[in-house]
Each structure stands twice: as C-alpha cells, then as structure tokens.
>>> print(open('entry.pdb').read())   # PDB, N, CA and C atoms, pLDDT in the B column
ATOM      1  N   MET A   1      63.973  91.224 174.948  1.00 57.00           N
ATOM      2  CA  MET A   1      65.248  91.842 175.273  1.00 57.00           C
ATOM      3  C   MET A   1      66.353  91.375 174.330  1.00 57.00           C
ATOM      4  N   LYS A   2      66.177  90.207 173.721  1.00 69.00           N
ATOM      5  CA  LYS A   2      67.198  89.716 172.801  1.00 69.00           C
ATOM      6  C   LYS A   2      67.249  90.552 171.536  1.00 69.00           C
ATOM      7  N   TYR A   3      66.103  91.173 171.169  1.00 74.00           N
ATOM      8  CA  TYR A   3      66.093  92.023 169.990  1.00 74.00           C
ATOM      9  C   TYR A   3      66.962  93.252 170.208  1.00 74.00           C
ATOM     10  N   ALA A   4      67.039  93.727 171.412  1.00 70.00           N
ATOM     11  CA  ALA A   4      67.853  94.906 171.704  1.00 70.00           C
ATOM     12  C   ALA A   4      69.329  94.625 171.440  1.00 70.00           C
ATOM     13  N   LYS A   5      69.798  93.424 171.769  1.00 75.00           N
ATOM     14  CA  LYS A   5      71.186  93.074 171.493  1.00 75.00           C
ATOM     15  C   LYS A   5      71.436  93.003 169.995  1.00 75.00           C
ATOM     16  N   PHE A   6      70.456  92.502 169.243  1.00 81.00           N
ATOM     17  CA  PHE A   6      70.604  92.429 167.798  1.00 81.00           C
ATOM     18  C   PHE A   6      70.736  93.824 167.199  1.00 81.00           C
ATOM     19  N   PHE A   7      69.873  94.736 167.603  1.00 84.00           N
ATOM     20  CA  PHE A   7      69.922  96.091 167.077  1.00 84.00           C
ATOM     21  C   PHE A   7      71.169  96.827 167.547  1.00 84.00           C
ATOM     22  N   GLN A   8      71.685  96.435 168.671  1.00 85.00           N
ATOM     23  CA  GLN A   8      72.913  97.029 169.173  1.00 85.00           C
ATOM     24  C   GLN A   8      74.051  96.764 168.178  1.00 85.00           C
ATOM     25  N   TYR A   9      74.135  95.548 167.660  1.00 90.00           N
ATOM     26  CA  TYR A   9      75.182  95.213 166.697  1.00 90.00           C
ATOM     27  C   TYR A   9      74.844  95.701 165.295  1.00 90.00           C
ATOM     28  N   ALA A  10      73.605  95.995 165.034  1.00 93.00           N
ATOM     29  CA  ALA A  10      73.231  96.564 163.738  1.00 93.00           C
ATOM     30  C   ALA A  10      73.868  97.942 163.565  1.00 93.00           C
ATOM     31  N   TYR A  11      74.080  98.663 164.663  1.00 94.00           N
ATOM     32  CA  TYR A  11      74.763  99.950 164.572  1.00 94.00           C
ATOM     33  C   TYR A  11      76.176  99.780 164.016  1.00 94.00           C
ATOM     34  N   LEU A  12      76.852  98.704 164.390  1.00 95.00           N
ATOM     35  CA  LEU A  12      78.195  98.466 163.858  1.00 95.00           C
ATOM     36  C   LEU A  12      78.156  98.154 162.367  1.00 95.00           C
ATOM     37  N   VAL A  13      77.134  97.442 161.936  1.00 96.00           N
ATOM     38  CA  VAL A  13      76.988  97.139 160.509  1.00 96.00           C
ATOM     39  C   VAL A  13      76.785  98.431 159.722  1.00 96.00           C
ATOM     40  N   PHE A  14      75.900  99.280 160.217  1.00 96.00           N
ATOM     41  CA  PHE A  14      75.667 100.555 159.537  1.00 96.00           C
ATOM     42  C   PHE A  14      76.918 101.438 159.571  1.00 96.00           C
ATOM     43  N   ALA A  15      77.652 101.408 160.658  1.00 97.00           N
ATOM     44  CA  ALA A  15      78.890 102.189 160.741  1.00 97.00           C
ATOM     45  C   ALA A  15      79.879 101.712 159.685  1.00 97.00           C
ATOM     46  N   ALA A  16      80.003 100.405 159.530  1.00 97.00           N
ATOM     47  CA  ALA A  16      80.918  99.866 158.524  1.00 97.00           C
ATOM     48  C   ALA A  16      80.485 100.278 157.118  1.00 97.00           C
ATOM     49  N   LEU A  17      79.190 100.239 156.850  1.00 97.00           N
ATOM     50  CA  LEU A  17      78.698 100.643 155.526  1.00 97.00           C
ATOM     51  C   LEU A  17      78.967 102.113 155.251  1.00 97.00           C
ATOM     52  N   PHE A  18      78.692 102.970 156.219  1.00 97.00           N
ATOM     53  CA  PHE A  18      78.927 104.399 156.026  1.00 97.00           C
ATOM     54  C   PHE A  18      80.413 104.713 155.870  1.00 97.00           C
ATOM     55  N   LEU A  19      81.254 104.063 156.669  1.00 96.00           N
ATOM     56  CA  LEU A  19      82.681 104.334 156.567  1.00 96.00           C
ATOM     57  C   LEU A  19      83.257 103.764 155.271  1.00 96.00           C
ATOM     58  N   TYR A  20      82.702 102.651 154.794  1.00 97.00           N
ATOM     59  CA  TYR A  20      83.103 102.128 153.487  1.00 97.00           C
ATOM     60  C   TYR A  20      82.750 103.130 152.393  1.00 97.00           C
ATOM     61  N   ASP A  21      81.586 103.744 152.503  1.00 97.00           N
ATOM     62  CA  ASP A  21      81.158 104.747 151.532  1.00 97.00           C
ATOM     63  C   ASP A  21      82.119 105.932 151.524  1.00 97.00           C
ATOM     64  N   VAL A  22      82.567 106.344 152.696  1.00 97.00           N
ATOM     65  CA  VAL A  22      83.511 107.465 152.790  1.00 97.00           C
ATOM     66  C   VAL A  22      84.808 107.123 152.068  1.00 97.00           C
ATOM     67  N   VAL A  23      85.337 105.944 152.344  1.00 97.00           N
ATOM     68  CA  VAL A  23      86.613 105.541 151.741  1.00 97.00           C
ATOM     69  C   VAL A  23      86.459 105.362 150.234  1.00 97.00           C
ATOM     70  N   ALA A  24      85.379 104.741 149.793  1.00 97.00           N
ATOM     71  CA  ALA A  24      85.173 104.512 148.360  1.00 97.00           C
ATOM     72  C   ALA A  24      85.054 105.828 147.604  1.00 97.00           C
ATOM     73  N   LYS A  25      84.303 106.774 148.145  1.00 97.00           N
ATOM     74  CA  LYS A  25      84.166 108.072 147.470  1.00 97.00           C
ATOM     75  C   LYS A  25      85.471 108.853 147.475  1.00 97.00           C
ATOM     76  N   TRP A  26      86.231 108.716 148.553  1.00 96.00           N
ATOM     77  CA  TRP A  26      87.504 109.427 148.632  1.00 96.00           C
ATOM     78  C   TRP A  26      88.505 108.864 147.626  1.00 96.00           C
ATOM     79  N   LEU A  27      88.525 107.550 147.463  1.00 97.00           N
ATOM     80  CA  LEU A  27      89.451 106.945 146.508  1.00 97.00           C
ATOM     81  C   LEU A  27      89.037 107.216 145.061  1.00 97.00           C
ATOM     82  N   ASN A  28      87.743 107.281 144.790  1.00 96.00           N
ATOM     83  CA  ASN A  28      87.275 107.486 143.416  1.00 96.00           C
ATOM     84  C   ASN A  28      87.324 108.943 142.974  1.00 96.00           C
ATOM     85  N   THR A  29      86.902 109.850 143.843  1.00 95.00           N
ATOM     86  CA  THR A  29      86.791 111.248 143.426  1.00 95.00           C
ATOM     87  C   THR A  29      87.738 112.187 144.163  1.00 95.00           C
ATOM     88  N   GLY A  30      88.293 111.745 145.267  1.00 94.00           N
ATOM     89  CA  GLY A  30      89.168 112.611 146.048  1.00 94.00           C
ATOM     90  C   GLY A  30      88.417 113.521 146.998  1.00 94.00           C
ATOM     91  N   GLU A  31      87.099 113.391 147.027  1.00 95.00           N
ATOM     92  CA  GLU A  31      86.281 114.208 147.927  1.00 95.00           C
ATOM     93  C   GLU A  31      85.879 113.381 149.141  1.00 95.00           C
ATOM     94  N   ILE A  32      85.713 114.052 150.262  1.00 93.00           N
ATOM     95  CA  ILE A  32      85.300 113.383 151.493  1.00 93.00           C
ATOM     96  C   ILE A  32      83.786 113.522 151.632  1.00 93.00           C
ATOM     97  N   ALA A  33      83.122 112.393 151.838  1.00 95.00           N
ATOM     98  CA  ALA A  33      81.666 112.395 152.036  1.00 95.00           C
ATOM     99  C   ALA A  33      81.400 112.663 153.514  1.00 95.00           C
ATOM    100  N   TYR A  34      81.229 113.930 153.849  1.00 97.00           N
ATOM    101  CA  TYR A  34      81.093 114.318 155.253  1.00 97.00           C
ATOM    102  C   TYR A  34      79.821 113.769 155.889  1.00 97.00           C
ATOM    103  N   ALA A  35      78.755 113.694 155.135  1.00 97.00           N
ATOM    104  CA  ALA A  35      77.504 113.170 155.694  1.00 97.00           C
ATOM    105  C   ALA A  35      77.673 111.709 156.101  1.00 97.00           C
ATOM    106  N   SER A  36      78.292 110.914 155.255  1.00 97.00           N
ATOM    107  CA  SER A  36      78.519 109.501 155.579  1.00 97.00           C
ATOM    108  C   SER A  36      79.507 109.367 156.736  1.00 97.00           C
ATOM    109  N   LEU A  37      80.492 110.229 156.768  1.00 97.00           N
ATOM    110  CA  LEU A  37      81.473 110.190 157.854  1.00 97.00           C
ATOM    111  C   LEU A  37      80.807 110.474 159.198  1.00 97.00           C
ATOM    112  N   ILE A  38      79.967 111.501 159.227  1.00 98.00           N
ATOM    113  CA  ILE A  38      79.267 111.857 160.467  1.00 98.00           C
ATOM    114  C   ILE A  38      78.321 110.733 160.897  1.00 98.00           C
ATOM    115  N   LEU A  39      77.598 110.166 159.939  1.00 97.00           N
ATOM    116  CA  LEU A  39      76.680 109.075 160.275  1.00 97.00           C
ATOM    117  C   LEU A  39      77.433 107.835 160.747  1.00 97.00           C
ATOM    118  N   GLY A  40      78.581 107.549 160.167  1.00 97.00           N
ATOM    119  CA  GLY A  40      79.390 106.414 160.606  1.00 97.00           C
ATOM    120  C   GLY A  40      79.904 106.582 162.022  1.00 97.00           C
ATOM    121  N   VAL A  41      80.403 107.769 162.325  1.00 97.00           N
ATOM    122  CA  VAL A  41      80.892 108.045 163.679  1.00 97.00           C
ATOM    123  C   VAL A  41      79.735 108.020 164.677  1.00 97.00           C
ATOM    124  N   LEU A  42      78.600 108.554 164.276  1.00 97.00           N
ATOM    125  CA  LEU A  42      77.418 108.536 165.138  1.00 97.00           C
ATOM    126  C   LEU A  42      76.953 107.100 165.414  1.00 97.00           C
ATOM    127  N   ALA A  43      77.021 106.240 164.411  1.00 96.00           N
ATOM    128  CA  ALA A  43      76.619 104.846 164.600  1.00 96.00           C
ATOM    129  C   ALA A  43      77.550 104.132 165.576  1.00 96.00           C
ATOM    130  N   VAL A  44      78.848 104.398 165.495  1.00 96.00           N
ATOM    131  CA  VAL A  44      79.794 103.804 166.451  1.00 96.00           C
ATOM    132  C   VAL A  44      79.505 104.309 167.857  1.00 96.00           C
ATOM    133  N   PHE A  45      79.251 105.612 167.993  1.00 96.00           N
ATOM    134  CA  PHE A  45      78.907 106.177 169.292  1.00 96.00           C
ATOM    135  C   PHE A  45      77.634 105.534 169.846  1.00 96.00           C
ATOM    136  N   MET A  46      76.631 105.367 169.003  1.00 94.00           N
ATOM    137  CA  MET A  46      75.366 104.774 169.448  1.00 94.00           C
ATOM    138  C   MET A  46      75.558 103.331 169.895  1.00 94.00           C
ATOM    139  N   PHE A  47      76.452 102.581 169.234  1.00 94.00           N
ATOM    140  CA  PHE A  47      76.724 101.212 169.650  1.00 94.00           C
ATOM    141  C   PHE A  47      77.244 101.187 171.077  1.00 94.00           C
ATOM    142  N   PHE A  48      78.255 101.998 171.367  1.00 93.00           N
ATOM    143  CA  PHE A  48      78.821 101.997 172.712  1.00 93.00           C
ATOM    144  C   PHE A  48      77.849 102.559 173.741  1.00 93.00           C
ATOM    145  N   PHE A  49      77.065 103.566 173.360  1.00 93.00           N
ATOM    146  CA  PHE A  49      76.075 104.136 174.267  1.00 93.00           C
ATOM    147  C   PHE A  49      75.009 103.102 174.603  1.00 93.00           C
ATOM    148  N   LYS A  50      74.482 102.420 173.597  1.00 90.00           N
ATOM    149  CA  LYS A  50      73.446 101.403 173.834  1.00 90.00           C
ATOM    150  C   LYS A  50      73.989 100.260 174.673  1.00 90.00           C
ATOM    151  N   ARG A  51      75.230  99.849 174.413  1.00 89.00           N
ATOM    152  CA  ARG A  51      75.823  98.745 175.172  1.00 89.00           C
ATOM    153  C   ARG A  51      75.970  99.120 176.640  1.00 89.00           C
ATOM    154  N   LYS A  52      76.440 100.325 176.903  1.00 88.00           N
ATOM    155  CA  LYS A  52      76.595 100.773 178.286  1.00 88.00           C
ATOM    156  C   LYS A  52      75.242 100.910 178.973  1.00 88.00           C
ATOM    157  N   PHE A  53      74.270 101.483 178.267  1.00 85.00           N
ATOM    158  CA  PHE A  53      72.945 101.675 178.836  1.00 85.00           C
ATOM    159  C   PHE A  53      72.268 100.338 179.126  1.00 85.00           C
ATOM    160  N   SER A  54      72.378  99.364 178.212  1.00 82.00           N
ATOM    161  CA  SER A  54      71.738  98.064 178.440  1.00 82.00           C
ATOM    162  C   SER A  54      72.421  97.312 179.573  1.00 82.00           C
ATOM    163  N   LYS A  55      73.729  97.494 179.716  1.00 79.00           N
ATOM    164  CA  LYS A  55      74.441  96.846 180.815  1.00 79.00           C
ATOM    165  C   LYS A  55      73.996  97.434 182.151  1.00 79.00           C
ATOM    166  N   LYS A  56      73.805  98.755 182.214  1.00 80.00           N
ATOM    167  CA  LYS A  56      73.304  99.400 183.425  1.00 80.00           C
ATOM    168  C   LYS A  56      71.902  98.920 183.767  1.00 80.00           C
ATOM    169  N   PHE A  57      71.063  98.846 182.750  1.00 75.00           N
ATOM    170  CA  PHE A  57      69.686  98.402 182.927  1.00 75.00           C
ATOM    171  C   PHE A  57      69.643  96.954 183.407  1.00 75.00           C
ATOM    172  N   GLN A  58      70.502  96.115 182.842  1.00 74.00           N
ATOM    173  CA  GLN A  58      70.550  94.702 183.238  1.00 74.00           C
ATOM    174  C   GLN A  58      71.054  94.545 184.680  1.00 74.00           C
ATOM    175  N   ASP A  59      72.059  95.307 185.064  1.00 73.00           N
ATOM    176  CA  ASP A  59      72.585  95.256 186.430  1.00 73.00           C
ATOM    177  C   ASP A  59      71.528  95.714 187.430  1.00 73.00           C
ATOM    178  N   ARG A  60      70.760  96.722 187.054  1.00 73.00           N
ATOM    179  CA  ARG A  60      69.718  97.226 187.953  1.00 73.00           C
ATOM    180  C   ARG A  60      68.614  96.190 188.135  1.00 73.00           C
ATOM    181  N   ASN A  61      68.277  95.459 187.091  1.00 72.00           N
ATOM    182  CA  ASN A  61      67.236  94.438 187.190  1.00 72.00           C
ATOM    183  C   ASN A  61      67.705  93.237 187.995  1.00 72.00           C
ATOM    184  N   GLN A  62      68.987  92.904 187.939  1.00 74.00           N
ATOM    185  CA  GLN A  62      69.500  91.765 188.692  1.00 74.00           C
ATOM    186  C   GLN A  62      69.594  92.057 190.182  1.00 74.00           C
ATOM    187  N   SER A  63      69.797  93.299 190.547  1.00 67.00           N
ATOM    188  CA  SER A  63      69.943  93.645 191.962  1.00 67.00           C
ATOM    189  C   SER A  63      68.594  93.665 192.690  1.00 67.00           C
ATOM    190  N   ASN A  64      67.500  93.797 191.947  1.00 60.00           N
ATOM    191  CA  ASN A  64      66.159  93.822 192.577  1.00 60.00           C
ATOM    192  C   ASN A  64      65.671  92.464 192.909  1.00 60.00           C
TER     193      ASN A  64
END
>>> encode(input="entry.pdb", output="structure tokens")
Amino acid sequence: MKYAKFFQYAYLVFAALFLYDVVAKWLNTGEIAYASLILGVLAVFMFFFKRKFSKKFQDRNQSN
C-alpha cells in the first residue's frame, strides 16, 4: 500500500514536467503545446482523484 502513495505523488512530478514543457515552448516559440497542457492538467486531476479514492478505501478498511 505504500507504493500507492508514492505513485500518487508521481502524478504531481509528471504534472510539473508537462507544465514546464508548456511554459518553455510558449516562451521560446510563442506557441502553446496543447498536448502537454492537457496531460499536465490530467495528471493534477489524477493526483486528487487517487488521493480521494485511497482515503475512502482506507476509511472503509478501518471501519471493518
């Protein structure tokens, strides 16, 4: 179960990398990297979704 927490924070690392790519490409060429932007936003969403889901799962296991 500890691996799940590690991968949960890995989503934030990937989000930071994708959003850095968006900003770097925008500053260098003036174009927006939509694919990286979508993946970055999706990674942030997945972080919060996984955190909420694991908290629900943990609460359910403690009540039994």
>>> resolve_selection(input="entry.pdb", expression="the PyMOL selection byres (((chain A and resi 12 and name CA) around 12) and name CA)", output="list in words")
Lys5, Phe6, Phe7, Gln8, Tyr9, Ala10, Tyr11, Val13, Phe14, Ala15, Ala16, Leu17, Phe18, Leu19, Leu39, Gly40, Val41, Leu42, Ala43, Val44, Phe45, Met46, Phe47, Phe48, Lys50 and Arg51 of chain A
>>> atom_distance(input="entry.pdb", atom1="atom N of Lys56 of chain A", atom2="atom C of Ile38 of chain A")
24.9 Å
>>> atom_distance(input="entry.pdb", atom1="atom C of Ser36 of chain A", atom2="atom C of Tyr20 of chain A")
8.3 Å
>>> atom_distance(input="entry.pdb", atom1="atom CA of Phe57 of chain A", atom2="atom CA of Tyr3 of chain A")
14.9 Å
